[in-house]
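Notes to accompany the following structure.
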Amino acid sequence: MAEITALPSPGMSWSVRIRLSLMMFLQFMMFAVFWVSLATYLENVGVKESLRALAMSSMAIGCLASPIIGMIADRHFASQKVLAVLNLFSAVLLVVVSQVTDPTLVIVMLLVQQLCYMPTWGLASSIAMSHSPSDKFPQIRVFGSIGWVASGLFSIVAAWLFLDTLGNPLQIDGTEIPFLCGAGTGLVAALVALTLPNTPPPAKGQKASIVDALGLRSFSLMRNGNFAIFIIISTLVMIPFSMYWSYGSVFLKDQGFSFITVTMNWGQFVEMFAMLLVPLALVKLGVKWTMVVGLLVLVIRYLLFLGGDKLGEGWYWMYFGAILVHGVIFGFFFVGGQVYVDKRAPKELRAQAQGLLFLITFGVGLLAGNFFNEWLIGANSQTTTPVAKVALAGAVKTNTALTTDANTHVPVTITDVRLYSRALNGTEVELLMADEKLRAKLLAEAEKKGVTADDKQGQVYSGDLAGVADKPVGKAFSFSANVTFPVDDPNSPADDVLSGTLFQTGMGADAVRLSVEKNALVLQAGETKIVAKTAGIARKPDKKTKKIPPMHITATYDEKGLTLYMNATPYRTYDWEPIWIVTVAFSVALMVLFVVAFRYKEEKADPAKQVEIENAAPAATASDD
């Protein structure tokens, strides 16, 4: 996008300031409300592995449209009108994303939505800089960070006003609801955009060039070896950076965190204050060492994640430390890098050079980082090796009276038990939890796809759990049951924590056991276990039926490992220690490479060349968060 010179006004009215600040607030809020927990949602709807990496890279792909939209705003239409149209399209597409369930359609709609949304970051900044003095722009831009932080209010309000099907406060993270919240925010943002001061196209009538629209002229800067090293390292840094940026919600959910959006937004809250330190650091340390500090804190973040995961309970404070340093990493390394580009690029290429840096980092780098980290997480998740010998026939032990912390016993009803001599496929898991009407529909859909599915095939028993004793299970083992837990006693919440065995077959190393340990479902075969820490068990009566809803539990075990399903949703297991070790090692290597290879020296003060750092640093945050 061509540079837009600030209007020759000596100041800015409060009316303009308020409208521009509200624009920034809404523009970032509509994105953060669904993006922070997006990886968790994608997992819940069955978008896995490389497809999830592609979906998480929709932001990076959306950046590709920024130069083209910028050229349209520069040459053809008023910027505030283009912003309003893009926000309206984004809002409609978010509604569509929330309604589709097919994984492929989710990805396609998300990609289209980001192609409409991502150009709005640069567009909003251009509008703000056109109507505010340079020293006032940071005061407007900070409302974008405030909007990011405020996006977490949606989940707090939902938990306060609504209950889920289990009778607990509604948790919207990982559901389709954040998309609807983003859509509502986007609609308001579109209306606000129409109230903004007129920002006519500054290059109207000028001939449009594809080279300029795509920012290709800035690639000439790569002929400078030092600039090329900076670009390469900035691209590679996005690989460890995106482990938190894109997949932090997956880790926090696996650790049992609620209100993930609110939790992660503390990083953006601190960012508002960290940004104030960036100009001072640039003056005291210089560009290179300011960026080194950002890389050092990046290493510290993942050391904190590694330490908290390895040390376990009592050390979860490390996770909060890792979240809070986000603003330091972003401000010192990425904003420091933007200042370097501003100082290094000729005046006529500065806007394009900044666009190149954004495209390389949050475009190419984020794309590569998402696919690498998806592979790394996938390689260290699920149980991929045999967990026990074949579970031979043996006595089935069941304890339908679980023990509470107060040493009292409460009954658990187990019905509709089915034991299989083989593992279940995904369609069968859906069939097992479906009612008769839905079961017929699923079977019809499966038949159209050429999938043979029969929820009774392989069944050896259905009925009272005690009758399963001495039944052989062969080399694959699956069972399903409806389990109804007792009402949570509100008069003794501290003591009413359940523990005990629900089901066990086989003995010793061949045993497969499903149990409850302090209100967490545990599936164990041999020495390997799945602890479903984030799967809440139903303990509160349904408002309509006044009864406790049964929890449908399905478990599969074969030579590949264990899988535990709650209401047909698979509970995935992760081994985070090797993931964090690789991320730390990669971050350290990049920091050392940057210190050794990047040899930029501060220029001597020269009135013709000196860039005023205090103004450059905050203004550079226009397109990043």
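Order determines the names: the first chain of the structure tokens is A, the second B, and so forth; residues in each chain are numbered 1 upward, and ligands are numbered 1 upward as they are shown.
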
Using only C-alpha atoms, which protein or nucleic acid residues come within 6 Å of Ala476 in chain A? Drop anything in the same chain fewer than 6 positions from it, and give the result as a ChimeraX atom specification.
/A:421-423,557-558

Among range 209-370 of chain A, which residues carry a DSSP assignment of alpha helix (DSSP H), reported as number ranges by chain?
A: 210-213, 225-245, 248-254, 260-311, 317-324, 326-329, 336-344, 350-359, 366-370

Hey, what's within 7 Å of Ser480 in chain A if we count only C-alpha atoms and toss same-chain stuff fewer than 6 positions away? As a ChimeraX atom specification, please?
/A:417-419,553-555

If we count only C-alpha atoms and set the cut-off at 7 Å, which residues sit around range 237-251 of chain A, ignoring sequence neighbours fewer than 3 positions away in its own chain? Please answer as an mmCIF file with C-alpha atoms, in the first residue's frame.
data_model
loop_
_atom_site.group_PDB
_atom_site.id
_atom_site.type_symbol
_atom_site.label_atom_id
_atom_site.label_comp_id
_atom_site.auth_asym_id
_atom_site.auth_seq_id
_atom_site.Cartn_x
_atom_site.Cartn_y
_atom_site.Cartn_z
ATOM 1 C CA VAL A 36 -7.181 -17.847 20.348
ATOM 2 C CA SER A 37 -9.103 -21.113 20.796
ATOM 3 C CA ALA A 39 -6.925 -24.992 17.267
ATOM 4 C CA THR A 40 -9.058 -26.569 19.995
ATOM 5 C CA MET A 56 -4.297 -22.494 11.338
ATOM 6 C CA ILE A 233 16.117 -15.531 10.639
ATOM 7 C CA SER A 234 12.836 -13.610 11.052
ATOM 8 C CA ASP A 254 -4.734 -30.465 27.772
ATOM 9 C CA GLN A 255 -3.500 -29.090 31.111
ATOM 10 C CA ILE A 260 -8.477 -20.271 27.528
ATOM 11 C CA THR A 361 6.886 -13.450 8.987
ATOM 12 C CA GLY A 365 7.009 -18.050 8.364
ATOM 13 C CA LEU A 366 3.691 -18.682 10.090
ATOM 14 C CA ALA A 368 5.879 -23.100 7.696
ATOM 15 C CA GLY A 369 5.679 -22.956 11.488
ATOM 16 C CA ASN A 370 2.121 -24.264 11.607
ATOM 17 C CA ASN A 373 4.474 -27.754 14.728
ATOM 18 C CA THR A 583 11.117 -25.904 20.571
ATOM 19 C CA SER A 587 14.876 -21.144 19.721
ATOM 20 C CA LEU A 590 18.182 -19.158 16.206
#

Using only C-alpha atoms for the distances, tell me which of A:Phe162, A:Gly561, A:Val335, A:Trp121 is nearest to Ala281 in chain A.
A:Val335
